[in-house]
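Comments concern the structure below.
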Amino acid sequence: MKIVITYDVTTSNPEGRKRLRKVAKICQNYGIRVQNSVFECVVDSTQFVMLKHQLIEAIDPEEDSLRFYRLGKNYRSKTEHIGAKPALEVEDDLIF
């Protein structure tokens with residue numbers, strides 16, 4: 001299933017900036033960054049539970065927030081890209 005993760009982490013102090021880097025790193029392990037605080041990930045249900053748990057542990061729920069959008073298996077018909085940055089597909093092969 002494809003999920004979109006958005007987050008808002010308070011960065012007004014060093015601890016918040018550390019949490020922000022940690023949240024981004026966790027998300028990078030599962031998907032690709034499509035905007036500053038937005039990641040697209042293709043995961044199975046077990047991976048989703050693990051990802052969600054890791055992110056919940058990484059944030060301060062009093063100051064930060066997470067949002068998960070589950071697009072399901074038919075996500076290609078639910079995603080549209082317009083604008084400057086080229087759209088990357090999470091499941092496409094990456095060539096370095």
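By convention in this document, the chains of the structure tokens carry letters A, B, ... by their order, each chain's residues are numbered from 1, and ligands are numbered from 1 in the order they are shown.
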
* To do: DSSP on the backbone, then: every residue of chain A marked alpha helix (DSSP H), written as a ChimeraX atom specification.
  => /A:14-28,45-58

* Can you list, as a PyMOL selection string, all residues belonging to chain A that DSSP tags as strand (DSSP E or B)? => chain A and resi 2-8+31-35+38-42+65-72

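What separates CA of Ile32 in chain A from CA of Glu57 in chain A is a distance of 20.5 Å.
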
If we count only C-alpha atoms, what is near Val9 in chain A at a cut-off of 8 Å, once residues fewer than 6 positions away on the same chain are taken out, given as a compact mmCIF listing (two decimals) with all heavy atoms, in the first residue's frame?
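This went into selection.txt:
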```
# COMPACT_ATOMS: atom_id res chain seq x y z
N GLY A 16 14.25 19.95 19.34
CA GLY A 16 13.30 19.88 18.23
C GLY A 16 14.00 19.66 16.91
O GLY A 16 13.54 18.88 16.07
N ARG A 17 15.12 20.34 16.70
CA ARG A 17 15.88 20.15 15.46
C ARG A 17 16.41 18.71 15.36
O ARG A 17 16.43 18.12 14.28
CB ARG A 17 17.01 21.17 15.36
CG ARG A 17 16.46 22.59 15.13
CD ARG A 17 17.56 23.59 14.86
NE ARG A 17 18.36 23.92 16.04
CZ ARG A 17 18.03 24.82 16.96
NH1 ARG A 17 16.89 25.48 16.85
NH2 ARG A 17 18.83 25.05 17.98
N ARG A 19 14.91 16.07 16.74
CA ARG A 19 13.74 15.24 16.42
C ARG A 19 13.40 15.34 14.94
O ARG A 19 13.05 14.34 14.30
CB ARG A 19 12.53 15.67 17.26
CG ARG A 19 12.61 15.29 18.71
CD ARG A 19 11.27 15.43 19.43
NE ARG A 19 10.59 16.69 19.19
CZ ARG A 19 10.77 17.81 19.90
NH1 ARG A 19 11.65 17.83 20.90
NH2 ARG A 19 10.09 18.90 19.63
N LEU A 20 13.49 16.53 14.38
CA LEU A 20 13.19 16.73 12.96
C LEU A 20 14.11 15.87 12.09
O LEU A 20 13.64 15.20 11.17
CB LEU A 20 13.34 18.22 12.59
CG LEU A 20 13.12 18.55 11.12
CD1 LEU A 20 11.67 18.29 10.73
CD2 LEU A 20 13.50 20.01 10.85
N ILE A 59 8.84 11.57 18.03
CA ILE A 59 8.31 12.92 18.20
C ILE A 59 7.94 13.21 19.65
O ILE A 59 7.86 12.31 20.48
CB ILE A 59 7.08 13.17 17.30
CG1 ILE A 59 5.88 12.33 17.75
CG2 ILE A 59 7.41 12.95 15.84
CD1 ILE A 59 4.56 12.79 17.20
N GLU A 63 4.37 18.86 21.17
CA GLU A 63 4.87 19.93 20.31
C GLU A 63 4.83 19.60 18.82
O GLU A 63 4.81 20.51 17.99
CB GLU A 63 6.32 20.27 20.68
CG GLU A 63 6.49 20.82 22.07
CD GLU A 63 7.91 21.27 22.34
OE1 GLU A 63 8.63 21.57 21.37
OE2 GLU A 63 8.29 21.31 23.51
N ASP A 64 4.83 18.33 18.46
CA ASP A 64 4.96 17.90 17.08
C ASP A 64 3.70 17.18 16.62
O ASP A 64 2.86 16.81 17.44
CB ASP A 64 6.16 16.94 16.93
CG ASP A 64 7.43 17.48 17.56
OD1 ASP A 64 7.62 18.71 17.57
OD2 ASP A 64 8.23 16.67 18.06
N SER A 65 3.59 16.99 15.30
CA SER A 65 2.44 16.24 14.79
C SER A 65 2.84 15.40 13.58
O SER A 65 3.78 15.74 12.85
CB SER A 65 1.29 17.18 14.42
OG SER A 65 1.65 18.00 13.34
```

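Proximity of A:Ala84, A:Leu66, A:Cys41, A:Ile3 to Cys27 in chain A, computed with only C-alpha atoms, is greatest for A:Cys41.
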
* **Exercise: Leu55 in chain A partners within 12 Å, only C-alpha atoms, chain neighbours under 6 positions left out, as a PyMOL selection string** => chain A and resi 5-9+19-30+48-49+61+64-68

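Near Asn74 in chain A, within 12 Å and counting only C-alpha atoms, sit A:Met1, A:Lys2, A:Ile3, A:Val42, not including residues fewer than 6 positions from it in the same chain.
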
Go ahead and save the residues from that selection, with all heavy atoms, as a short mmCIF file (atom, residue, chain, number, x, y, z; two decimals), in the first residue's frame.
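Generated output (result33.cif):
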```
data_model
loop_
_atom_site.label_atom_id
_atom_site.label_comp_id
_atom_site.auth_asym_id
_atom_site.auth_seq_id
_atom_site.Cartn_x
_atom_site.Cartn_y
_atom_site.Cartn_z
N MET A 1 0.84 -1.17 0.00
CA MET A 1 0.00 0.00 0.00
C MET A 1 0.89 1.23 0.00
O MET A 1 2.01 1.19 0.51
CB MET A 1 -0.93 -0.03 1.19
CG MET A 1 -0.36 0.59 2.48
SD MET A 1 -1.52 0.59 3.84
CE MET A 1 -0.66 -0.51 4.91
N LYS A 2 0.39 2.29 -0.60
CA LYS A 2 1.13 3.55 -0.60
C LYS A 2 0.57 4.43 0.51
O LYS A 2 -0.63 4.54 0.67
CB LYS A 2 1.02 4.26 -1.93
CG LYS A 2 1.87 5.52 -2.01
CD LYS A 2 1.83 6.09 -3.41
CE LYS A 2 2.79 7.23 -3.57
NZ LYS A 2 2.82 7.72 -4.96
N ILE A 3 1.49 5.02 1.27
CA ILE A 3 1.08 5.98 2.29
C ILE A 3 1.84 7.28 2.08
O ILE A 3 2.94 7.29 1.54
CB ILE A 3 1.32 5.44 3.72
CG1 ILE A 3 2.80 5.14 3.95
CG2 ILE A 3 0.47 4.25 4.02
CD1 ILE A 3 3.14 4.88 5.40
N VAL A 42 5.88 3.10 -0.01
CA VAL A 42 5.13 1.90 -0.35
C VAL A 42 5.57 0.83 0.64
O VAL A 42 6.74 0.44 0.67
CB VAL A 42 5.38 1.46 -1.80
CG1 VAL A 42 4.69 0.13 -2.08
CG2 VAL A 42 4.89 2.53 -2.77
#
```

* Selected residue of minimal separation from Val43 in chain A among A:Thr10, A:Gly72, A:Glu15, A:Glu80, counting only C-alpha atoms -> A:Gly72

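Atom pair CA of Arg33 in chain A / CA of Ser12 in chain A has a distance of 22.6 Å (rounded to one decimal).
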